[in-house]
Amino acid sequence: MKKRLLIVDDDPAVGAALQTQTAGSRWLEVCGQTTGVEETWRALHENKPDIVLLGGVQEAERGVLCQQFRLAFPHLLFIAACSEQELIWEPFFRNLGMWVIAKPIHSGQLEALAMQLSSMTAMSSMHASMPAGSAAMGGMIGTGTGLTGIGTTSNGMGGAAFPGVEAGMQAAGFSGVAEAKPHHPYVAGSGQQAKKRLITVYGPKGGVGKTFLSRELAIYFAQRKLGGNPLKVLAVDFNLDLGTFATALNLPRTPNLYSWVQDIDERLHDWIRSQGREPGDLSREEWQVQIGSVQLSPQEVDRHIVVHEASGLHVLTSPRDIRHSFEIKDYHLYLILDALKNSHYDVILIDTAPDTTDATIQALFFAEQVVMVGNPVVDSIENIQRILKLLREADYPEERISLCMNRLQRKEMFTLDEIRAYFQLHPSKKIFPIPDDQEVKKSINTGNPVMLHPGKLAAKDAIEALGKALLPLEEEADGSGKKKEKERASLWKWLRR
Ligand SMILES: Nc1ncnc2c1ncn2[C@@H]1O[C@H](COP(=O)(O)OP(=O)(O)O)[C@@H](O)[C@H]1O
Ligand SMILES: [Mg+2]
């Protein structure tokens with residue numbers, strides 16, 4: 001049966017063109033076009049679409065619209081059509097369980113999606129008698145821009161787990177839909193799980209202290225306890241090409257992110273060959289569908305981490321060789337982040353590069369919290385302001401961002417109040433200061449974290465204050481059951497926020 005497409009776009013020409021292009025389609029028919037939010041609600045009721053294409057809508061933010069519509073019409077599939085500039089928000093849309101295509105829209109892309117949707121619907125009804133969860137269509141996430149073949153490095157991907165291929169996927173070493181997850185067919189699987197604490201440390205300038213702070217926060221959390229047990233903490237080095245997190249803790253660089261990526265690709269290739277195809281012969285669209293059917297098992301991370309013995313911290317380091325980083329694609333990062341979110345870690349800290357590559361943007365959008373690090377110098381402040389502006393324009397929830405000024409000296413040219421005013425921060429938002437500390441340089445060079453330093457250091461207290469604000473755990477002084485209960489309750493409250 002043909003899938004019905006509703007187009008939401010301020011430009012009537014979009015609908016007219018697609019109507020003509022899809023006139024003879026086996027898979028797709030345009031069932032209407034709307035421009036405003038009110039009108040769209042009406043059309044959702046009256047025209048009964050299967051797919052909603054969100055193009056340019058002046059009135060509202062598309063991510064929010066999609067969430068609102070989905071509440072009332074949970075079966076709908078949403079596609080965000082993005083201009084080249086808007087593609088920066090692709091991970092964000094995908095995280096909301098939307099498909100993303102690049103403008104200009106070609107009816108071929110939409111037909112490919114409708115075709116996939118039809119075949120998946122057929123498969124899921126075939127499997128309707130299977131246990132709960134396994135018949136769901138998996139967390140179907142955007143197919144990304146790979147479909148469009150226009151100039152972007154993004155490969156796009158999805159967490160779609162196709163029920164019909166479940167057994168094969170498991171044989172190929174992917175978890176597929178093996179776990180019975182009670183998730184909505186169109187919502188990313190990860191969104192339905194109890195949340196891990198994923199904290200991204202970012203700062204749009206090199207040398208401001210991102211790696212230092214990621215390391216110290218990771219060590220700080222690894223020493224905290226919850227219910228008598230140390231928190232399970234993972235630090236991830238997302239400086240794919242020039243990461244130094246391992247060095248900052250005197251750790252070996254193998255295994256690492258690249259060993260995981262190789263492992264993913266090996267299984268993906270085996271899986272494709274098991275279907276009688278050669279991976280190299282697949283078209284972009286076919287490749288897209290294959291990637292879309294992958295979901296990693298959260299336990300996979302265990303094979304690729306190194307352990308910092310002194311603190312118990314686990315680290316997923318960046319590749320040893322810069323050339324390896326070139327082979328890490330957008331879909332690997334997506335799959336890995338998704339797996340990490342479902343892993344056994346309580347807290348995951350991601351150290352990033354001072355750039356706006358896919359890796360960094362994904363790390364920002366996957367995070368529940370972002371520590372934005374700068375120094376009290378004009379170029380660092382200016383770039384933070386620019387990033388804040390960009391995030392505000394994308395309706396990024398600002399409450400997720402904690403601002404941190406590192407390397408403050410006793411007398412600075414700019415006061416924290418002046419910096420606050422420049423950033424136009426909400427009055428309730430504080431900037432966390434970290435003092436410039438002689439010991440820091442030494443601690444980086446020797447690989448001994450400040451947080452494991454036995455003495456009293458100014459930087460140590462400041463990092464602890466930031467850590468407490470990020471993860472408000474009560475200290476376990478007496479270990480009494482009541483206290484533990486309370487602590488757990490407060491963590492849960494915070495985890496679910
Ligand atoms: N609070 C601090 N006090 C003194 N030196 C610091 C402080 N924070 C960072 N540094 C110095 O700055 C250098 C760069 O820090 P790093 O964490 O590698 O920055 P980034 O990851 O942002 O590029 C470190 O090697 C360290 O010597
Ligand atoms: Mg760094």
# chains A, B, ... in the order shown; residues from 1 in each chain; ligands from 1

call {"tool": "closest_atom_pairs", "arguments": {"of": "chain A", "to": "ligand 2", "cutoff": "8 Å", "atoms": "only C-alpha atoms and all ligand atoms", "output": "JSON lines"}}
result
{"residue": "A:Gly206", "atom": "CA", "partner": "ligand 2", "partner_atom_place_in_ligand_line": "1 (Mg)", "distance": 6.8}
{"residue": "A:Gly207", "atom": "CA", "partner": "ligand 2", "partner_atom_place_in_ligand_line": "1 (Mg)", "distance": 6.5}
{"residue": "A:Gly209", "atom": "CA", "partner": "ligand 2", "partner_atom_place_in_ligand_line": "1 (Mg)", "distance": 6.7}
{"residue": "A:Lys210", "atom": "CA", "partner": "ligand 2", "partner_atom_place_in_ligand_line": "1 (Mg)", "distance": 5.2}
{"residue": "A:Thr211", "atom": "CA", "partner": "ligand 2", "partner_atom_place_in_ligand_line": "1 (Mg)", "distance": 4.1}
{"residue": "A:Phe212", "atom": "CA", "partner": "ligand 2", "partner_atom_place_in_ligand_line": "1 (Mg)", "distance": 7.3}
{"residue": "A:Asn239", "atom": "CA", "partner": "ligand 2", "partner_atom_place_in_ligand_line": "1 (Mg)", "distance": 7.1}
{"residue": "A:Gly243", "atom": "CA", "partner": "ligand 2", "partner_atom_place_in_ligand_line": "1 (Mg)", "distance": 6.6}
{"residue": "A:Thr244", "atom": "CA", "partner": "ligand 2", "partner_atom_place_in_ligand_line": "1 (Mg)", "distance": 6.6}
{"residue": "A:Phe245", "atom": "CA", "partner": "ligand 2", "partner_atom_place_in_ligand_line": "1 (Mg)", "distance": 7.3}
{"residue": "A:Asp351", "atom": "CA", "partner": "ligand 2", "partner_atom_place_in_ligand_line": "1 (Mg)", "distance": 6.9}
{"residue": "A:Thr352", "atom": "CA", "partner": "ligand 2", "partner_atom_place_in_ligand_line": "1 (Mg)", "distance": 6.7}
{"residue": "A:Ala353", "atom": "CA", "partner": "ligand 2", "partner_atom_place_in_ligand_line": "1 (Mg)", "distance": 6.1}
{"residue": "A:Pro354", "atom": "CA", "partner": "ligand 2", "partner_atom_place_in_ligand_line": "1 (Mg)", "distance": 7.8}

call {"tool": "write_last_selection", "arguments": {"atoms": "N, CA and C atoms", "output": "compact mmCIF listing (two decimals), in the first residue's frame"}}
result
# COMPACT_ATOMS: atom_id res chain seq x y z
N GLY A 206 41.55 25.71 21.60
CA GLY A 206 42.53 24.73 22.09
C GLY A 206 43.26 25.23 23.32
N GLY A 207 43.69 24.32 24.16
CA GLY A 207 44.53 24.66 25.29
C GLY A 207 43.85 25.33 26.46
N GLY A 209 41.86 23.81 28.64
CA GLY A 209 41.77 22.91 29.79
C GLY A 209 40.69 21.85 29.69
N LYS A 210 40.22 21.57 28.48
CA LYS A 210 39.16 20.55 28.31
C LYS A 210 39.66 19.18 28.77
N THR A 211 40.83 18.80 28.28
CA THR A 211 41.34 17.47 28.61
C THR A 211 41.66 17.39 30.10
N PHE A 212 42.24 18.45 30.61
CA PHE A 212 42.53 18.50 32.04
C PHE A 212 41.24 18.33 32.85
N ASN A 239 38.74 13.46 20.76
CA ASN A 239 39.72 14.13 19.89
C ASN A 239 40.25 13.02 18.99
N GLY A 243 44.08 13.12 19.97
CA GLY A 243 43.73 12.98 21.38
C GLY A 243 44.92 12.66 22.27
N THR A 244 44.88 13.19 23.49
CA THR A 244 45.99 12.94 24.43
C THR A 244 45.48 12.50 25.79
N PHE A 245 44.23 12.09 25.83
CA PHE A 245 43.66 11.71 27.13
C PHE A 245 44.45 10.56 27.75
N ASP A 351 35.63 13.91 26.35
CA ASP A 351 36.55 15.01 26.07
C ASP A 351 36.48 15.27 24.56
N THR A 352 36.39 16.52 24.17
CA THR A 352 36.22 16.82 22.74
C THR A 352 37.35 17.70 22.20
N ALA A 353 37.34 17.84 20.87
CA ALA A 353 38.28 18.74 20.21
C ALA A 353 37.61 20.11 20.08
N PRO A 354 38.42 21.17 19.95
CA PRO A 354 37.82 22.51 19.85
C PRO A 354 37.34 22.80 18.44

call {"tool": "closest_atom_pairs", "arguments": {"of": "chain A", "to": "ligand 1", "cutoff": "10 Å", "atoms": "only C-alpha atoms and all ligand atoms", "output": "JSON lines"}}
result
{"residue": "A:Val201", "atom": "CA", "partner": "ligand 1", "partner_atom_place_in_ligand_line": "22 (O)", "distance": 9.1}
{"residue": "A:Tyr202", "atom": "CA", "partner": "ligand 1", "partner_atom_place_in_ligand_line": "22 (O)", "distance": 7.9}
{"residue": "A:Gly203", "atom": "CA", "partner": "ligand 1", "partner_atom_place_in_ligand_line": "22 (O)", "distance": 6.6}
{"residue": "A:Pro204", "atom": "CA", "partner": "ligand 1", "partner_atom_place_in_ligand_line": "22 (O)", "distance": 8.3}
{"residue": "A:Lys205", "atom": "CA", "partner": "ligand 1", "partner_atom_place_in_ligand_line": "22 (O)", "distance": 6.6}
{"residue": "A:Gly206", "atom": "CA", "partner": "ligand 1", "partner_atom_place_in_ligand_line": "23 (O)", "distance": 4.0}
{"residue": "A:Gly207", "atom": "CA", "partner": "ligand 1", "partner_atom_place_in_ligand_line": "23 (O)", "distance": 3.3}
{"residue": "A:Val208", "atom": "CA", "partner": "ligand 1", "partner_atom_place_in_ligand_line": "22 (O)", "distance": 3.9}
{"residue": "A:Gly209", "atom": "CA", "partner": "ligand 1", "partner_atom_place_in_ligand_line": "17 (O)", "distance": 3.1}
{"residue": "A:Lys210", "atom": "CA", "partner": "ligand 1", "partner_atom_place_in_ligand_line": "22 (O)", "distance": 3.7}
{"residue": "A:Thr211", "atom": "CA", "partner": "ligand 1", "partner_atom_place_in_ligand_line": "17 (O)", "distance": 3.7}
{"residue": "A:Phe212", "atom": "CA", "partner": "ligand 1", "partner_atom_place_in_ligand_line": "17 (O)", "distance": 3.7}
{"residue": "A:Leu213", "atom": "CA", "partner": "ligand 1", "partner_atom_place_in_ligand_line": "17 (O)", "distance": 6.4}
{"residue": "A:Ser214", "atom": "CA", "partner": "ligand 1", "partner_atom_place_in_ligand_line": "17 (O)", "distance": 7.9}
{"residue": "A:Arg215", "atom": "CA", "partner": "ligand 1", "partner_atom_place_in_ligand_line": "17 (O)", "distance": 8.4}
{"residue": "A:Glu216", "atom": "CA", "partner": "ligand 1", "partner_atom_place_in_ligand_line": "17 (O)", "distance": 9.9}
{"residue": "A:Asn239", "atom": "CA", "partner": "ligand 1", "partner_atom_place_in_ligand_line": "21 (O)", "distance": 9.0}
{"residue": "A:Gly243", "atom": "CA", "partner": "ligand 1", "partner_atom_place_in_ligand_line": "21 (O)", "distance": 8.7}
{"residue": "A:Thr244", "atom": "CA", "partner": "ligand 1", "partner_atom_place_in_ligand_line": "18 (O)", "distance": 7.7}
{"residue": "A:Phe245", "atom": "CA", "partner": "ligand 1", "partner_atom_place_in_ligand_line": "18 (O)", "distance": 8.5}
{"residue": "A:Ala248", "atom": "CA", "partner": "ligand 1", "partner_atom_place_in_ligand_line": "18 (O)", "distance": 8.5}
{"residue": "A:Asp351", "atom": "CA", "partner": "ligand 1", "partner_atom_place_in_ligand_line": "21 (O)", "distance": 7.6}
{"residue": "A:Thr352", "atom": "CA", "partner": "ligand 1", "partner_atom_place_in_ligand_line": "21 (O)", "distance": 7.6}
{"residue": "A:Ala353", "atom": "CA", "partner": "ligand 1", "partner_atom_place_in_ligand_line": "21 (O)", "distance": 7.2}
{"residue": "A:Pro354", "atom": "CA", "partner": "ligand 1", "partner_atom_place_in_ligand_line": "22 (O)", "distance": 7.2}
{"residue": "A:Val373", "atom": "CA", "partner": "ligand 1", "partner_atom_place_in_ligand_line": "22 (O)", "distance": 7.5}
{"residue": "A:Gly374", "atom": "CA", "partner": "ligand 1", "partner_atom_place_in_ligand_line": "22 (O)", "distance": 8.0}
{"residue": "A:Asn375", "atom": "CA", "partner": "ligand 1", "partner_atom_place_in_ligand_line": "8 (N)", "distance": 8.8}
{"residue": "A:Met405", "atom": "CA", "partner": "ligand 1", "partner_atom_place_in_ligand_line": "1 (N)", "distance": 9.1}
{"residue": "A:Asn406", "atom": "CA", "partner": "ligand 1", "partner_atom_place_in_ligand_line": "1 (N)", "distance": 5.4}
{"residue": "A:Arg407", "atom": "CA", "partner": "ligand 1", "partner_atom_place_in_ligand_line": "1 (N)", "distance": 4.2}
{"residue": "A:Leu408", "atom": "CA", "partner": "ligand 1", "partner_atom_place_in_ligand_line": "1 (N)", "distance": 7.3}
{"residue": "A:Gln409", "atom": "CA", "partner": "ligand 1", "partner_atom_place_in_ligand_line": "3 (N)", "distance": 9.0}
{"residue": "A:Pro433", "atom": "CA", "partner": "ligand 1", "partner_atom_place_in_ligand_line": "1 (N)", "distance": 9.3}
{"residue": "A:Ile434", "atom": "CA", "partner": "ligand 1", "partner_atom_place_in_ligand_line": "1 (N)", "distance": 5.7}
{"residue": "A:Pro435", "atom": "CA", "partner": "ligand 1", "partner_atom_place_in_ligand_line": "1 (N)", "distance": 5.2}
{"residue": "A:Asp436", "atom": "CA", "partner": "ligand 1", "partner_atom_place_in_ligand_line": "3 (N)", "distance": 3.5}
{"residue": "A:Asp437", "atom": "CA", "partner": "ligand 1", "partner_atom_place_in_ligand_line": "3 (N)", "distance": 3.9}
{"residue": "A:Gln438", "atom": "CA", "partner": "ligand 1", "partner_atom_place_in_ligand_line": "4 (C)", "distance": 5.5}
{"residue": "A:Glu439", "atom": "CA", "partner": "ligand 1", "partner_atom_place_in_ligand_line": "4 (C)", "distance": 7.0}
{"residue": "A:Val440", "atom": "CA", "partner": "ligand 1", "partner_atom_place_in_ligand_line": "4 (C)", "distance": 4.8}
{"residue": "A:Lys441", "atom": "CA", "partner": "ligand 1", "partner_atom_place_in_ligand_line": "27 (O)", "distance": 3.7}
{"residue": "A:Lys442", "atom": "CA", "partner": "ligand 1", "partner_atom_place_in_ligand_line": "27 (O)", "distance": 7.3}
{"residue": "A:Ser443", "atom": "CA", "partner": "ligand 1", "partner_atom_place_in_ligand_line": "27 (O)", "distance": 8.2}
{"residue": "A:Ile444", "atom": "CA", "partner": "ligand 1", "partner_atom_place_in_ligand_line": "25 (O)", "distance": 5.7}
{"residue": "A:Asn445", "atom": "CA", "partner": "ligand 1", "partner_atom_place_in_ligand_line": "25 (O)", "distance": 7.3}
{"residue": "A:Ala458", "atom": "CA", "partner": "ligand 1", "partner_atom_place_in_ligand_line": "1 (N)", "distance": 9.1}
{"residue": "A:Ala459", "atom": "CA", "partner": "ligand 1", "partner_atom_place_in_ligand_line": "1 (N)", "distance": 6.3}
{"residue": "A:Lys460", "atom": "CA", "partner": "ligand 1", "partner_atom_place_in_ligand_line": "1 (N)", "distance": 9.5}
{"residue": "A:Ala462", "atom": "CA", "partner": "ligand 1", "partner_atom_place_in_ligand_line": "1 (N)", "distance": 9.5}
{"residue": "A:Ile463", "atom": "CA", "partner": "ligand 1", "partner_atom_place_in_ligand_line": "1 (N)", "distance": 9.5}

call {"tool": "closest_atom_pairs", "arguments": {"of": "range 208-276 of chain A", "to": "range 319-338 of chain A", "cutoff": "9 Å", "atoms": "only C-alpha atoms", "output": "JSON lines"}}
result
{"residue": "A:Leu240", "atom": "CA", "partner": "A:Ser325", "partner_atom": "CA", "distance": 5.4}
{"residue": "A:Asp241", "atom": "CA", "partner": "A:Ile322", "partner_atom": "CA", "distance": 4.9}
{"residue": "A:Leu242", "atom": "CA", "partner": "A:Ile322", "partner_atom": "CA", "distance": 6.9}
{"residue": "A:Gly243", "atom": "CA", "partner": "A:Pro319", "partner_atom": "CA", "distance": 7.8}
{"residue": "A:Arg253", "atom": "CA", "partner": "A:Arg320", "partner_atom": "CA", "distance": 5.8}
{"residue": "A:Thr254", "atom": "CA", "partner": "A:Arg320", "partner_atom": "CA", "distance": 7.3}
{"residue": "A:Pro255", "atom": "CA", "partner": "A:Pro319", "partner_atom": "CA", "distance": 8.4}
{"residue": "A:Asn256", "atom": "CA", "partner": "A:Pro319", "partner_atom": "CA", "distance": 5.7}
{"residue": "A:Leu257", "atom": "CA", "partner": "A:Pro319", "partner_atom": "CA", "distance": 6.0}
{"residue": "A:Tyr258", "atom": "CA", "partner": "A:Pro319", "partner_atom": "CA", "distance": 5.4}
{"residue": "A:Ser259", "atom": "CA", "partner": "A:Pro319", "partner_atom": "CA", "distance": 8.0}
{"residue": "A:Trp260", "atom": "CA", "partner": "A:Ile336", "partner_atom": "CA", "distance": 8.4}
{"residue": "A:Val261", "atom": "CA", "partner": "A:His332", "partner_atom": "CA", "distance": 6.2}
{"residue": "A:Gln262", "atom": "CA", "partner": "A:Ile328", "partner_atom": "CA", "distance": 9.0}
{"residue": "A:Ile264", "atom": "CA", "partner": "A:His332", "partner_atom": "CA", "distance": 7.7}
{"residue": "A:Asp265", "atom": "CA", "partner": "A:His332", "partner_atom": "CA", "distance": 8.7}

call {"tool": "write_last_selection", "arguments": {"atoms": "N, CA and C atoms", "output": "PDB file, in the first residue's frame"}}
result
ATOM      1  N   LEU A 240      39.507  12.717  17.935  1.00  0.00           N
ATOM      2  CA  LEU A 240      39.787  11.492  17.195  1.00  0.00           C
ATOM      3  C   LEU A 240      41.183  11.478  16.595  1.00  0.00           C
ATOM      4  N   ASP A 241      41.623  12.624  16.084  1.00  0.00           N
ATOM      5  CA  ASP A 241      42.928  12.634  15.413  1.00  0.00           C
ATOM      6  C   ASP A 241      44.102  12.884  16.358  1.00  0.00           C
ATOM      7  N   LEU A 242      43.943  13.831  17.279  1.00  0.00           N
ATOM      8  CA  LEU A 242      45.095  14.230  18.091  1.00  0.00           C
ATOM      9  C   LEU A 242      44.822  14.116  19.594  1.00  0.00           C
ATOM     10  N   GLY A 243      44.077  13.122  19.971  1.00  0.00           N
ATOM     11  CA  GLY A 243      43.730  12.978  21.383  1.00  0.00           C
ATOM     12  C   GLY A 243      44.921  12.664  22.266  1.00  0.00           C
ATOM     13  N   ARG A 253      47.525   3.024  24.499  1.00  0.00           N
ATOM     14  CA  ARG A 253      46.552   3.518  23.517  1.00  0.00           C
ATOM     15  C   ARG A 253      45.844   2.389  22.779  1.00  0.00           C
ATOM     16  N   THR A 254      46.003   1.179  23.245  1.00  0.00           N
ATOM     17  CA  THR A 254      45.314   0.045  22.617  1.00  0.00           C
ATOM     18  C   THR A 254      44.677  -0.792  23.717  1.00  0.00           C
ATOM     19  N   PRO A 255      43.450  -1.279  23.550  1.00  0.00           N
ATOM     20  CA  PRO A 255      42.526  -0.999  22.455  1.00  0.00           C
ATOM     21  C   PRO A 255      42.029   0.451  22.517  1.00  0.00           C
ATOM     22  N   ASN A 256      41.250   0.826  21.531  1.00  0.00           N
ATOM     23  CA  ASN A 256      40.766   2.204  21.479  1.00  0.00           C
ATOM     24  C   ASN A 256      39.509   2.295  20.610  1.00  0.00           C
ATOM     25  N   LEU A 257      39.080   3.510  20.351  1.00  0.00           N
ATOM     26  CA  LEU A 257      37.869   3.713  19.542  1.00  0.00           C
ATOM     27  C   LEU A 257      37.975   3.040  18.171  1.00  0.00           C
ATOM     28  N   TYR A 258      39.183   3.067  17.624  1.00  0.00           N
ATOM     29  CA  TYR A 258      39.348   2.506  16.282  1.00  0.00           C
ATOM     30  C   TYR A 258      39.199   0.986  16.289  1.00  0.00           C
ATOM     31  N   SER A 259      39.656   0.344  17.374  1.00  0.00           N
ATOM     32  CA  SER A 259      39.489  -1.121  17.409  1.00  0.00           C
ATOM     33  C   SER A 259      37.995  -1.458  17.433  1.00  0.00           C
ATOM     34  N   TRP A 260      37.226  -0.614  18.073  1.00  0.00           N
ATOM     35  CA  TRP A 260      35.763  -0.838  18.096  1.00  0.00           C
ATOM     36  C   TRP A 260      35.174  -0.640  16.688  1.00  0.00           C
ATOM     37  N   VAL A 261      35.634   0.427  16.046  1.00  0.00           N
ATOM     38  CA  VAL A 261      35.148   0.732  14.694  1.00  0.00           C
ATOM     39  C   VAL A 261      35.469  -0.416  13.734  1.00  0.00           C
ATOM     40  N   GLN A 262      36.685  -0.959  13.835  1.00  0.00           N
ATOM     41  CA  GLN A 262      37.061  -2.089  12.967  1.00  0.00           C
ATOM     42  C   GLN A 262      36.163  -3.288  13.225  1.00  0.00           C
ATOM     43  N   ILE A 264      33.125  -3.232  14.386  1.00  0.00           N
ATOM     44  CA  ILE A 264      31.788  -2.962  13.836  1.00  0.00           C
ATOM     45  C   ILE A 264      31.780  -3.246  12.334  1.00  0.00           C
ATOM     46  N   ASP A 265      32.797  -2.719  11.640  1.00  0.00           N
ATOM     47  CA  ASP A 265      32.805  -2.862  10.182  1.00  0.00           C
ATOM     48  C   ASP A 265      32.997  -4.312   9.745  1.00  0.00           C
TER      49      ASP A 265
END

call {"tool": "atom_distance", "arguments": {"atom1": "CA of Ile88 in chain A", "atom2": "CA of Pro49 in chain A"}}
result
27.6 Å
